[in-house]
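File shown here: upload.cif, holding mmCIF, C-alpha atoms.
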```cif
data_data
#
loop_
_atom_site.group_PDB
_atom_site.id
_atom_site.type_symbol
_atom_site.label_atom_id
_atom_site.label_comp_id
_atom_site.auth_asym_id
_atom_site.auth_seq_id
_atom_site.Cartn_x
_atom_site.Cartn_y
_atom_site.Cartn_z
ATOM 1 C CA MET A 1 -91.159 -44.024 -57.162
ATOM 2 C CA LEU A 2 -90.320 -42.662 -53.725
ATOM 3 C CA LYS A 3 -91.435 -39.198 -52.673
ATOM 4 C CA SER A 4 -88.909 -36.531 -53.595
ATOM 5 C CA GLU A 5 -88.520 -35.474 -49.963
ATOM 6 C CA SER A 6 -87.672 -39.007 -48.813
ATOM 7 C CA LEU A 7 -84.200 -39.855 -47.580
ATOM 8 C CA ARG A 8 -81.950 -41.582 -50.090
ATOM 9 C CA LEU A 9 -81.035 -44.005 -47.316
ATOM 10 C CA GLY A 10 -82.851 -47.317 -47.081
ATOM 11 C CA PHE A 11 -82.652 -49.916 -44.330
ATOM 12 C CA GLY A 12 -82.097 -53.625 -44.863
ATOM 13 C CA CYS A 13 -83.765 -56.011 -42.440
ATOM 14 C CA SER A 14 -81.250 -58.753 -43.114
ATOM 15 C CA GLY A 15 -78.121 -60.433 -41.819
ATOM 16 C CA VAL A 16 -77.916 -60.534 -38.026
ATOM 17 C CA LEU A 17 -81.377 -58.945 -37.695
ATOM 18 C CA GLY A 18 -82.975 -62.104 -39.064
ATOM 19 C CA LYS A 19 -81.032 -64.591 -36.929
ATOM 20 C CA ARG A 20 -82.869 -66.409 -34.149
ATOM 21 C CA TRP A 21 -79.958 -65.896 -31.778
ATOM 22 C CA PHE A 22 -80.239 -62.123 -32.186
ATOM 23 C CA SER A 23 -82.828 -60.602 -29.866
ATOM 24 C CA GLU A 24 -86.093 -59.760 -31.595
ATOM 25 C CA GLU A 25 -86.518 -56.925 -29.122
ATOM 26 C CA LYS A 26 -83.212 -55.389 -30.261
ATOM 27 C CA CYS A 27 -84.220 -55.877 -33.884
ATOM 28 C CA ALA A 28 -87.540 -54.122 -33.268
ATOM 29 C CA THR A 29 -85.769 -51.272 -31.485
ATOM 30 C CA ILE A 30 -83.454 -50.494 -34.403
ATOM 31 C CA LEU A 31 -86.299 -50.796 -36.915
ATOM 32 C CA ARG A 32 -88.457 -48.373 -34.931
ATOM 33 C CA ALA A 33 -85.521 -46.001 -34.631
ATOM 34 C CA ALA A 34 -85.180 -46.052 -38.427
ATOM 35 C CA ILE A 35 -88.879 -45.297 -38.870
ATOM 36 C CA ASP A 36 -88.796 -42.495 -36.296
ATOM 37 C CA ALA A 37 -85.765 -40.986 -38.047
ATOM 38 C CA GLY A 38 -87.589 -40.732 -41.371
ATOM 39 C CA ILE A 39 -86.436 -43.833 -43.252
ATOM 40 C CA VAL A 40 -89.258 -45.137 -45.420
ATOM 41 C CA HIS A 41 -87.546 -47.720 -47.648
ATOM 42 C CA PHE A 42 -87.154 -51.142 -46.009
ATOM 43 C CA ASP A 43 -85.702 -54.144 -47.815
ATOM 44 C CA THR A 44 -85.838 -57.785 -46.765
ATOM 45 C CA ALA A 45 -86.309 -61.321 -48.115
ATOM 46 C CA GLY A 46 -88.004 -64.560 -47.183
ATOM 47 C CA PHE A 47 -84.660 -66.370 -47.037
ATOM 48 C CA TYR A 48 -83.174 -63.905 -44.513
ATOM 49 C CA GLY A 49 -84.063 -66.102 -41.552
ATOM 50 C CA GLU A 50 -86.831 -64.455 -39.534
ATOM 51 C CA ALA A 51 -86.276 -60.996 -41.017
ATOM 52 C CA GLU A 52 -89.604 -60.698 -42.827
ATOM 53 C CA GLN A 53 -91.588 -61.806 -39.798
ATOM 54 C CA ARG A 54 -89.766 -59.355 -37.546
ATOM 55 C CA LEU A 55 -90.145 -56.459 -39.957
ATOM 56 C CA GLY A 56 -93.796 -57.346 -40.436
ATOM 57 C CA ARG A 57 -94.523 -57.262 -36.721
ATOM 58 C CA VAL A 58 -92.922 -53.829 -36.377
ATOM 59 C CA LEU A 59 -94.766 -52.443 -39.414
ATOM 60 C CA LYS A 60 -98.096 -54.122 -38.670
ATOM 61 C CA ASP A 61 -99.691 -50.899 -37.453
ATOM 62 C CA VAL A 62 -97.802 -48.560 -39.796
ATOM 63 C CA PRO A 63 -99.975 -47.375 -42.723
ATOM 64 C CA ALA A 64 -98.844 -48.848 -46.050
ATOM 65 C CA ASP A 65 -98.472 -45.373 -47.576
ATOM 66 C CA ASN A 66 -95.939 -44.421 -44.882
ATOM 67 C CA VAL A 67 -93.339 -47.033 -45.831
ATOM 68 C CA PHE A 68 -91.912 -48.615 -48.958
ATOM 69 C CA ILE A 69 -91.175 -52.342 -48.668
ATOM 70 C CA SER A 70 -89.193 -54.563 -51.006
ATOM 71 C CA SER A 71 -88.562 -58.281 -50.868
ATOM 72 C CA LYS A 72 -86.999 -60.934 -53.086
ATOM 73 C CA THR A 73 -87.723 -64.193 -54.842
ATOM 74 C CA GLY A 74 -85.759 -66.938 -56.570
ATOM 75 C CA THR A 75 -83.467 -67.933 -53.713
ATOM 76 C CA ARG A 76 -84.508 -70.309 -50.961
ATOM 77 C CA PHE A 77 -83.151 -72.977 -48.667
ATOM 78 C CA ASP A 78 -83.715 -76.611 -49.581
ATOM 79 C CA ALA A 79 -86.140 -78.053 -47.050
ATOM 80 C CA SER A 80 -85.462 -81.718 -47.867
ATOM 81 C CA SER A 81 -84.146 -83.650 -44.899
ATOM 82 C CA ASN A 82 -80.830 -84.663 -46.468
ATOM 83 C CA LYS A 83 -80.041 -81.247 -47.949
ATOM 84 C CA ARG A 84 -81.526 -78.856 -45.416
ATOM 85 C CA GLY A 85 -79.751 -75.510 -45.416
ATOM 86 C CA ARG A 86 -78.505 -75.766 -48.996
ATOM 87 C CA VAL A 87 -79.284 -72.664 -51.045
ATOM 88 C CA VAL A 88 -81.276 -73.410 -54.205
ATOM 89 C CA LYS A 89 -82.708 -71.290 -57.028
ATOM 90 C CA ASN A 90 -86.230 -71.495 -58.407
ATOM 91 C CA PHE A 91 -87.581 -68.807 -60.725
ATOM 92 C CA SER A 92 -90.616 -70.744 -61.928
ATOM 93 C CA GLN A 93 -93.871 -68.816 -62.027
ATOM 94 C CA ASN A 94 -95.432 -70.997 -59.332
ATOM 95 C CA ALA A 95 -92.449 -70.557 -57.018
ATOM 96 C CA ILE A 96 -92.427 -66.777 -57.466
ATOM 97 C CA ILE A 97 -96.150 -66.510 -56.765
ATOM 98 C CA ALA A 98 -95.771 -68.715 -53.690
ATOM 99 C CA ASP A 99 -92.890 -66.534 -52.454
ATOM 100 C CA VAL A 100 -94.979 -63.394 -52.848
ATOM 101 C CA GLU A 101 -97.936 -64.844 -50.984
ATOM 102 C CA ALA A 102 -95.682 -65.999 -48.143
ATOM 103 C CA SER A 103 -93.911 -62.632 -47.944
ATOM 104 C CA LEU A 104 -97.188 -60.708 -47.865
ATOM 105 C CA LYS A 105 -98.425 -62.882 -45.009
ATOM 106 C CA ARG A 106 -95.221 -62.471 -43.015
ATOM 107 C CA LEU A 107 -95.101 -58.724 -43.637
ATOM 108 C CA HIS A 108 -98.832 -58.157 -42.906
ATOM 109 C CA ARG A 109 -99.201 -56.381 -46.243
ATOM 110 C CA GLU A 110 -101.525 -56.659 -49.206
ATOM 111 C CA ARG A 111 -98.850 -55.571 -51.656
ATOM 112 C CA LEU A 112 -95.070 -55.433 -52.011
ATOM 113 C CA ASP A 113 -93.737 -52.156 -53.335
ATOM 114 C CA ILE A 114 -90.879 -53.959 -55.104
ATOM 115 C CA LEU A 115 -90.320 -57.632 -55.828
ATOM 116 C CA TYR A 116 -86.742 -58.422 -56.867
ATOM 117 C CA LEU A 117 -85.542 -61.472 -58.697
ATOM 118 C CA HIS A 118 -82.537 -62.408 -56.567
ATOM 119 C CA GLY A 119 -79.487 -63.342 -58.634
ATOM 120 C CA PRO A 120 -81.200 -64.426 -61.869
ATOM 121 C CA ASP A 121 -79.431 -65.242 -65.130
ATOM 122 C CA THR A 122 -80.413 -63.772 -68.492
ATOM 123 C CA ASP A 123 -82.900 -66.540 -69.299
ATOM 124 C CA GLN A 124 -84.600 -66.171 -65.938
ATOM 125 C CA ILE A 125 -84.900 -62.403 -66.390
ATOM 126 C CA ALA A 126 -86.344 -62.905 -69.872
ATOM 127 C CA ALA A 127 -88.891 -65.413 -68.558
ATOM 128 C CA SER A 128 -90.126 -63.143 -65.767
ATOM 129 C CA GLU A 129 -92.266 -60.725 -67.790
ATOM 130 C CA GLN A 130 -95.438 -62.792 -67.589
ATOM 131 C CA VAL A 131 -95.346 -63.420 -63.838
ATOM 132 C CA PHE A 132 -94.464 -59.799 -63.093
ATOM 133 C CA SER A 133 -97.376 -58.626 -65.246
ATOM 134 C CA LYS A 134 -99.709 -61.053 -63.503
ATOM 135 C CA LEU A 135 -98.646 -59.974 -60.020
ATOM 136 C CA LYS A 136 -98.986 -56.296 -60.915
ATOM 137 C CA ALA A 137 -102.449 -56.849 -62.379
ATOM 138 C CA GLN A 138 -103.488 -58.635 -59.177
ATOM 139 C CA GLY A 139 -102.200 -55.754 -57.066
ATOM 140 C CA LYS A 140 -99.687 -57.993 -55.294
ATOM 141 C CA ILE A 141 -96.644 -55.931 -56.347
ATOM 142 C CA ARG A 142 -96.105 -52.368 -57.589
ATOM 143 C CA TYR A 143 -92.700 -52.657 -59.240
ATOM 144 C CA ALA A 144 -90.509 -55.388 -60.679
ATOM 145 C CA GLY A 145 -86.806 -55.471 -59.894
ATOM 146 C CA VAL A 146 -83.606 -57.418 -60.350
ATOM 147 C CA CYS A 147 -80.952 -57.754 -57.667
ATOM 148 C CA GLY A 148 -77.823 -59.026 -59.365
ATOM 149 C CA HIS A 149 -74.411 -58.269 -60.772
ATOM 150 C CA GLY A 150 -72.385 -57.984 -63.949
ATOM 151 C CA LYS A 151 -73.911 -58.827 -67.305
ATOM 152 C CA TYR A 152 -77.170 -59.948 -65.700
ATOM 153 C CA LEU A 153 -77.746 -56.591 -64.074
ATOM 154 C CA ASP A 154 -76.712 -54.898 -67.308
ATOM 155 C CA MET A 155 -79.408 -56.858 -69.129
ATOM 156 C CA ALA A 156 -82.002 -55.852 -66.517
ATOM 157 C CA ALA A 157 -81.045 -52.201 -66.986
ATOM 158 C CA GLY A 158 -82.286 -52.401 -70.558
ATOM 159 C CA VAL A 159 -85.406 -54.549 -70.126
ATOM 160 C CA PRO A 160 -88.649 -52.509 -70.373
ATOM 161 C CA TYR A 161 -90.627 -54.535 -67.803
ATOM 162 C CA ILE A 162 -87.942 -54.199 -65.092
ATOM 163 C CA ASP A 163 -88.523 -51.064 -63.024
ATOM 164 C CA VAL A 164 -85.696 -51.273 -60.471
ATOM 165 C CA VAL A 165 -82.108 -52.541 -60.458
ATOM 166 C CA MET A 166 -80.170 -53.343 -57.291
ATOM 167 C CA GLY A 167 -76.429 -53.955 -57.191
ATOM 168 C CA LYS A 168 -73.227 -53.333 -55.266
ATOM 169 C CA TYR A 169 -71.562 -49.950 -55.437
ATOM 170 C CA ASN A 170 -69.143 -48.461 -52.942
ATOM 171 C CA ILE A 171 -65.856 -46.633 -52.568
ATOM 172 C CA LEU A 172 -63.903 -49.843 -53.303
ATOM 173 C CA ASN A 173 -66.100 -51.263 -56.054
ATOM 174 C CA GLN A 174 -67.708 -49.225 -58.851
ATOM 175 C CA ALA A 175 -68.100 -52.077 -61.327
ATOM 176 C CA HIS A 176 -71.780 -51.216 -61.801
ATOM 177 C CA GLU A 177 -71.271 -47.520 -62.472
ATOM 178 C CA THR A 178 -72.075 -47.806 -66.191
ATOM 179 C CA VAL A 179 -74.947 -50.201 -65.492
ATOM 180 C CA PHE A 180 -76.487 -47.721 -63.070
ATOM 181 C CA ALA A 181 -76.089 -44.919 -65.601
ATOM 182 C CA LYS A 182 -77.780 -47.075 -68.244
ATOM 183 C CA ALA A 183 -80.623 -47.956 -65.902
ATOM 184 C CA LYS A 184 -81.195 -44.331 -64.937
ATOM 185 C CA LYS A 185 -81.156 -43.281 -68.608
ATOM 186 C CA ASN A 186 -83.849 -45.891 -69.216
ATOM 187 C CA GLY A 187 -86.015 -44.430 -66.463
ATOM 188 C CA LYS A 188 -85.392 -47.067 -63.820
ATOM 189 C CA THR A 189 -84.871 -46.682 -60.098
ATOM 190 C CA VAL A 190 -81.362 -47.591 -58.917
ATOM 191 C CA VAL A 191 -80.650 -49.104 -55.503
ATOM 192 C CA SER A 192 -77.090 -49.484 -54.246
ATOM 193 C CA ILE A 193 -76.249 -52.197 -51.746
ATOM 194 C CA ALA A 194 -73.162 -52.665 -49.570
ATOM 195 C CA PRO A 195 -72.256 -48.940 -49.457
ATOM 196 C CA LEU A 196 -70.110 -49.713 -46.396
ATOM 197 C CA MET A 197 -68.859 -53.059 -47.734
ATOM 198 C CA GLY A 198 -70.898 -55.099 -45.286
ATOM 199 C CA GLY A 199 -69.333 -53.563 -42.203
ATOM 200 C CA LEU A 200 -65.718 -53.716 -43.376
ATOM 201 C CA TYR A 201 -65.205 -50.085 -42.344
ATOM 202 C CA ARG A 202 -65.986 -50.742 -38.711
ATOM 203 C CA LYS A 203 -63.058 -50.165 -36.401
ATOM 204 C CA GLY A 204 -62.523 -53.170 -34.196
ATOM 205 C CA LEU A 205 -63.680 -55.567 -36.927
ATOM 206 C CA PHE A 206 -60.815 -57.908 -36.065
ATOM 207 C CA LEU A 207 -61.488 -57.643 -32.315
ATOM 208 C CA PRO A 208 -65.118 -58.776 -31.997
ATOM 209 C CA THR A 209 -66.659 -58.760 -28.534
ATOM 210 C CA THR A 210 -70.266 -59.755 -29.282
ATOM 211 C CA ARG A 211 -71.873 -62.589 -31.208
ATOM 212 C CA SER A 212 -73.059 -60.124 -33.843
ATOM 213 C CA GLN A 213 -69.524 -58.807 -34.351
ATOM 214 C CA PHE A 214 -68.176 -62.355 -34.668
ATOM 215 C CA TRP A 215 -70.826 -63.001 -37.327
ATOM 216 C CA TYR A 216 -69.864 -59.896 -39.337
ATOM 217 C CA LEU A 217 -66.182 -60.831 -39.191
ATOM 218 C CA ALA A 218 -66.902 -64.389 -40.322
ATOM 219 C CA ARG A 219 -69.013 -63.091 -43.208
ATOM 220 C CA ALA A 220 -66.286 -60.653 -44.233
ATOM 221 C CA LEU A 221 -63.673 -63.415 -44.277
ATOM 222 C CA ALA A 222 -65.972 -65.715 -46.245
ATOM 223 C CA ARG A 223 -67.399 -63.254 -48.786
ATOM 224 C CA ASN A 224 -65.294 -60.102 -48.953
ATOM 225 C CA ARG A 225 -61.745 -61.243 -48.287
ATOM 226 C CA SER A 226 -60.439 -59.543 -51.434
ATOM 227 C CA ASP A 227 -61.768 -56.180 -50.216
ATOM 228 C CA LEU A 228 -61.054 -56.688 -46.534
ATOM 229 C CA TRP A 229 -57.480 -55.416 -46.554
ATOM 230 C CA GLN A 230 -58.344 -52.399 -48.710
ATOM 231 C CA ALA A 231 -61.101 -51.414 -46.319
ATOM 232 C CA HIS A 232 -58.897 -51.957 -43.294
ATOM 233 C CA THR A 233 -56.093 -49.783 -44.648
ATOM 234 C CA ARG A 234 -58.559 -46.977 -45.335
ATOM 235 C CA LEU A 235 -59.244 -46.732 -41.612
ATOM 236 C CA ASN A 236 -55.967 -44.830 -41.353
ATOM 237 C CA MET A 237 -56.509 -42.544 -44.333
ATOM 238 C CA PRO A 238 -56.849 -38.773 -43.770
ATOM 239 C CA LYS A 239 -60.379 -37.551 -43.276
ATOM 240 C CA GLY A 240 -62.142 -34.244 -42.798
ATOM 241 C CA PRO A 241 -62.846 -32.733 -39.361
ATOM 242 C CA GLY A 242 -65.449 -34.756 -37.493
ATOM 243 C CA GLN A 243 -65.747 -37.232 -40.340
ATOM 244 C CA SER A 244 -65.324 -41.003 -40.180
ATOM 245 C CA GLN A 245 -64.107 -43.271 -42.962
ATOM 246 C CA ALA A 246 -67.545 -44.886 -42.967
ATOM 247 C CA GLY A 247 -69.042 -41.422 -43.435
ATOM 248 C CA GLN A 248 -66.682 -40.755 -46.331
ATOM 249 C CA ALA A 249 -67.685 -44.050 -47.901
ATOM 250 C CA LEU A 250 -71.389 -43.285 -47.659
ATOM 251 C CA GLU A 251 -70.886 -39.766 -49.012
ATOM 252 C CA PHE A 252 -69.053 -41.283 -51.974
ATOM 253 C CA VAL A 253 -72.107 -43.387 -52.828
ATOM 254 C CA PHE A 254 -74.512 -40.450 -52.490
ATOM 255 C CA GLU A 255 -72.341 -38.386 -54.839
ATOM 256 C CA ASN A 256 -73.435 -40.692 -57.661
ATOM 257 C CA LYS A 257 -76.698 -39.051 -58.727
ATOM 258 C CA ASN A 258 -77.729 -42.140 -60.674
ATOM 259 C CA ILE A 259 -78.287 -43.858 -57.333
ATOM 260 C CA ASP A 260 -81.734 -43.276 -55.853
ATOM 261 C CA ILE A 261 -81.356 -45.331 -52.672
ATOM 262 C CA ALA A 262 -78.292 -46.501 -50.748
ATOM 263 C CA LEU A 263 -79.303 -49.524 -48.740
ATOM 264 C CA THR A 264 -77.478 -50.278 -45.508
ATOM 265 C CA THR A 265 -78.130 -52.063 -42.231
ATOM 266 C CA THR A 266 -76.896 -52.035 -38.663
ATOM 267 C CA THR A 267 -77.719 -53.309 -35.201
ATOM 268 C CA ARG A 268 -76.570 -50.095 -33.524
ATOM 269 C CA GLU A 269 -78.615 -46.922 -33.282
ATOM 270 C CA ASP A 270 -75.547 -44.659 -33.153
ATOM 271 C CA HIS A 271 -74.364 -46.072 -36.474
ATOM 272 C CA LEU A 272 -77.878 -45.632 -37.884
ATOM 273 C CA GLN A 273 -78.036 -42.007 -36.798
ATOM 274 C CA ALA A 274 -74.591 -41.318 -38.273
ATOM 275 C CA SER A 275 -75.710 -42.713 -41.648
ATOM 276 C CA ILE A 276 -78.929 -40.681 -41.523
ATOM 277 C CA ALA A 277 -76.925 -37.516 -40.849
ATOM 278 C CA ILE A 278 -74.850 -38.167 -43.978
ATOM 279 C CA ALA A 279 -78.008 -38.819 -46.016
ATOM 280 C CA GLN A 280 -79.535 -35.561 -44.825
ATOM 281 C CA GLN A 281 -76.412 -33.623 -45.836
ATOM 282 C CA THR A 282 -76.272 -35.111 -49.348
ATOM 283 C CA PRO A 283 -79.744 -34.811 -50.908
#
```

How does the structure come out when it is put into structure tokens?
Amino acid sequence: MLKSESLRLGFGCSGVLGKRWFSEEKCATILRAAIDAGIVHFDTAGFYGEAEQRLGRVLKDVPADNVFISSKTGTRFDASSNKRGRVVKNFSQNAIIADVEASLKRLHRERLDILYLHGPDTDQIAASEQVFSKLKAQGKIRYAGVCGHGKYLDMAAGVPYIDVVMGKYNILNQAHETVFAKAKKNGKTVVSIAPLMGGLYRKGLFLPTTRSQFWYLARALARNRSDLWQAHTRLNMPKGPGQSQAGQALEFVFENKNIDIALTTTTREDHLQASIAIAQQTP
């Protein structure tokens, strides 16, 4: 799917990068740094705030063959006046097609390299074959994927018309190890998300000094509280010379040869370069 010489590190244009209060100029700077460093796989979604628009503006003049872009469908925010901001699911064929058209416009692309169903159940995965086939035939997408967890991702790993599976895998959570092995055995591409547990390995997590750091801490407390203490205690674990705990965590993910791409994100170029160095050392 990706060229053999490509880095196994992908970059997610998500989270803080899609927030209006985060500078678009800073977002563009980190995205360009990723491109210049050799990252070709960029992941985003229409419901990540302004992430697609920002990624699209950076990639507008980058040839389509030079990058590999994935986006998602099925999750959106309710636009009705009395429920605005509420997350809703819609995996109907019309909704998926509308999502694709909107993403292509925002990304200034004629085709998505991967379209993921975002958090579908088994029935929604089973019902997706027709719309995926239609979008592929129209040249709107290259590959069909599922971003999910547990039994739903396990189902996707065995479905012939699903080309890519995306799920969490990191040094604290290997629940999808057998699912990834199954997917790889079935010839699918495997994408790991949250290799650094959404920033839980960052020293100073509990002492935020910027709005972005406050946001990451709030997200960790809301979503990853069960893993937060484990990650924090690992900050004091022994490590090799010149190696950080975050580096150890990323190396751990790359050691799983069933994983094709480890997808991470950051707002800091020094963190980006550190992750790229690990990816270059672990082909």

Inset, instruction - Enter the distance from CA of Met155 in chain A to CA of Asn256 in chain A, in Å, rounded to one decimal. - result: 20.7 Å

Inset, instruction - Give me, please, the distance in Å between CA of Ala175 in chain A and CA of Ile193 in chain A, quoted to one decimal. - result: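 Calculated distance between CA of Ala175 in chain A and CA of Ile193 in chain A is 12.6 Å.
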
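Coordinates place CA of Arg8 in chain A at a distance of 15.2 Å from CA of Asn66 in chain A.
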
Inset, instruction - Given the file shown, enumerate the residues that the PyMOL selection byres ((chain A and resi 118-129) around 10) captures and present them as an MDAnalysis selection string. - result: chainID A and resid 45 71:76 89:93 96 115:117 130:134 144:149 151:156 159:162 166:167

Selection under test: the PyMOL selection byres ((chain A and resi 283) around 12); residues as a PDB file with C-alpha atoms, in the coordinates of the input:
```pdb
ATOM      1  CA  SER A   4     -88.909 -36.531 -53.595  1.00  0.00           C
ATOM      2  CA  GLU A   5     -88.520 -35.474 -49.963  1.00  0.00           C
ATOM      3  CA  SER A   6     -87.672 -39.007 -48.813  1.00  0.00           C
ATOM      4  CA  LEU A   7     -84.200 -39.855 -47.580  1.00  0.00           C
ATOM      5  CA  ARG A   8     -81.950 -41.582 -50.090  1.00  0.00           C
ATOM      6  CA  LEU A   9     -81.035 -44.005 -47.316  1.00  0.00           C
ATOM      7  CA  GLU A 251     -70.886 -39.766 -49.012  1.00  0.00           C
ATOM      8  CA  VAL A 253     -72.107 -43.387 -52.828  1.00  0.00           C
ATOM      9  CA  PHE A 254     -74.512 -40.450 -52.490  1.00  0.00           C
ATOM     10  CA  GLU A 255     -72.341 -38.386 -54.839  1.00  0.00           C
ATOM     11  CA  ASN A 256     -73.435 -40.692 -57.661  1.00  0.00           C
ATOM     12  CA  LYS A 257     -76.698 -39.051 -58.727  1.00  0.00           C
ATOM     13  CA  ILE A 259     -78.287 -43.858 -57.333  1.00  0.00           C
ATOM     14  CA  ASP A 260     -81.734 -43.276 -55.853  1.00  0.00           C
ATOM     15  CA  ILE A 261     -81.356 -45.331 -52.672  1.00  0.00           C
ATOM     16  CA  ALA A 262     -78.292 -46.501 -50.748  1.00  0.00           C
ATOM     17  CA  ILE A 276     -78.929 -40.681 -41.523  1.00  0.00           C
ATOM     18  CA  ALA A 277     -76.925 -37.516 -40.849  1.00  0.00           C
ATOM     19  CA  ILE A 278     -74.850 -38.167 -43.978  1.00  0.00           C
ATOM     20  CA  ALA A 279     -78.008 -38.819 -46.016  1.00  0.00           C
ATOM     21  CA  GLN A 280     -79.535 -35.561 -44.825  1.00  0.00           C
ATOM     22  CA  GLN A 281     -76.412 -33.623 -45.836  1.00  0.00           C
ATOM     23  CA  THR A 282     -76.272 -35.111 -49.348  1.00  0.00           C
TER      24      THR A 282
END
```

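Minimum atom-to-atom distance to Asp61 in chain A, evaluated using only C-alpha atoms, belongs to A:His108 out of A:His41, A:Asn258, A:His108, A:Phe77.
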
Inset, instruction - Just give me the residues with any atom within 10 Å of (-87.3, -42.8, -41.1), file coordinates, counting only C-alpha atoms, written as a ChimeraX atom specification. - result: /A:6-7,9-11,31-42,66-67,276

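Residue nearest Arg86 in chain A within the list A:Phe47, A:Gly15, A:His176, A:Ala183: A:Phe47 [criterion: smallest interatomic distance, all atoms listed in the file].
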
Legend entry - Answer key for the PyMOL selection byres ((chain A and resi 138) around 12), residues as a ChimeraX atom specification: /A:97,100-101,110-112,131-137,139-142

Give me the box for range 169-177 of chain A as lines of an AutoDock Vina configuration file, namely the centre and edge lengths in Å to one decimal of a box along x, y and z that holds every listed atom plus 3 Å on each side.
```
center_x = -67.8
center_y = -49.4
center_z = -57.5
size_x = 13.9
size_y = 11.4
size_z = 15.9
```

Inset, instruction - Within 12 Å of Ser23 in chain A, counting only C-alpha atoms, which residues show up once you throw out same-chain ones fewer than 6 positions away? Write them as a PyMOL selection string, please. - result: chain A and resi 16-17+29-30+50-51+54+211-212+267

Could you please take those selected residues and save C-alpha atoms as a PDB file, keeping the file's coordinate frame?
```pdb
ATOM      1  CA  VAL A  16     -77.916 -60.534 -38.026  1.00  0.00           C
ATOM      2  CA  LEU A  17     -81.377 -58.945 -37.695  1.00  0.00           C
ATOM      3  CA  THR A  29     -85.769 -51.272 -31.485  1.00  0.00           C
ATOM      4  CA  ILE A  30     -83.454 -50.494 -34.403  1.00  0.00           C
ATOM      5  CA  GLU A  50     -86.831 -64.455 -39.534  1.00  0.00           C
ATOM      6  CA  ALA A  51     -86.276 -60.996 -41.017  1.00  0.00           C
ATOM      7  CA  ARG A  54     -89.766 -59.355 -37.546  1.00  0.00           C
ATOM      8  CA  ARG A 211     -71.873 -62.589 -31.208  1.00  0.00           C
ATOM      9  CA  SER A 212     -73.059 -60.124 -33.843  1.00  0.00           C
ATOM     10  CA  THR A 267     -77.719 -53.309 -35.201  1.00  0.00           C
TER      11      THR A 267
END
```
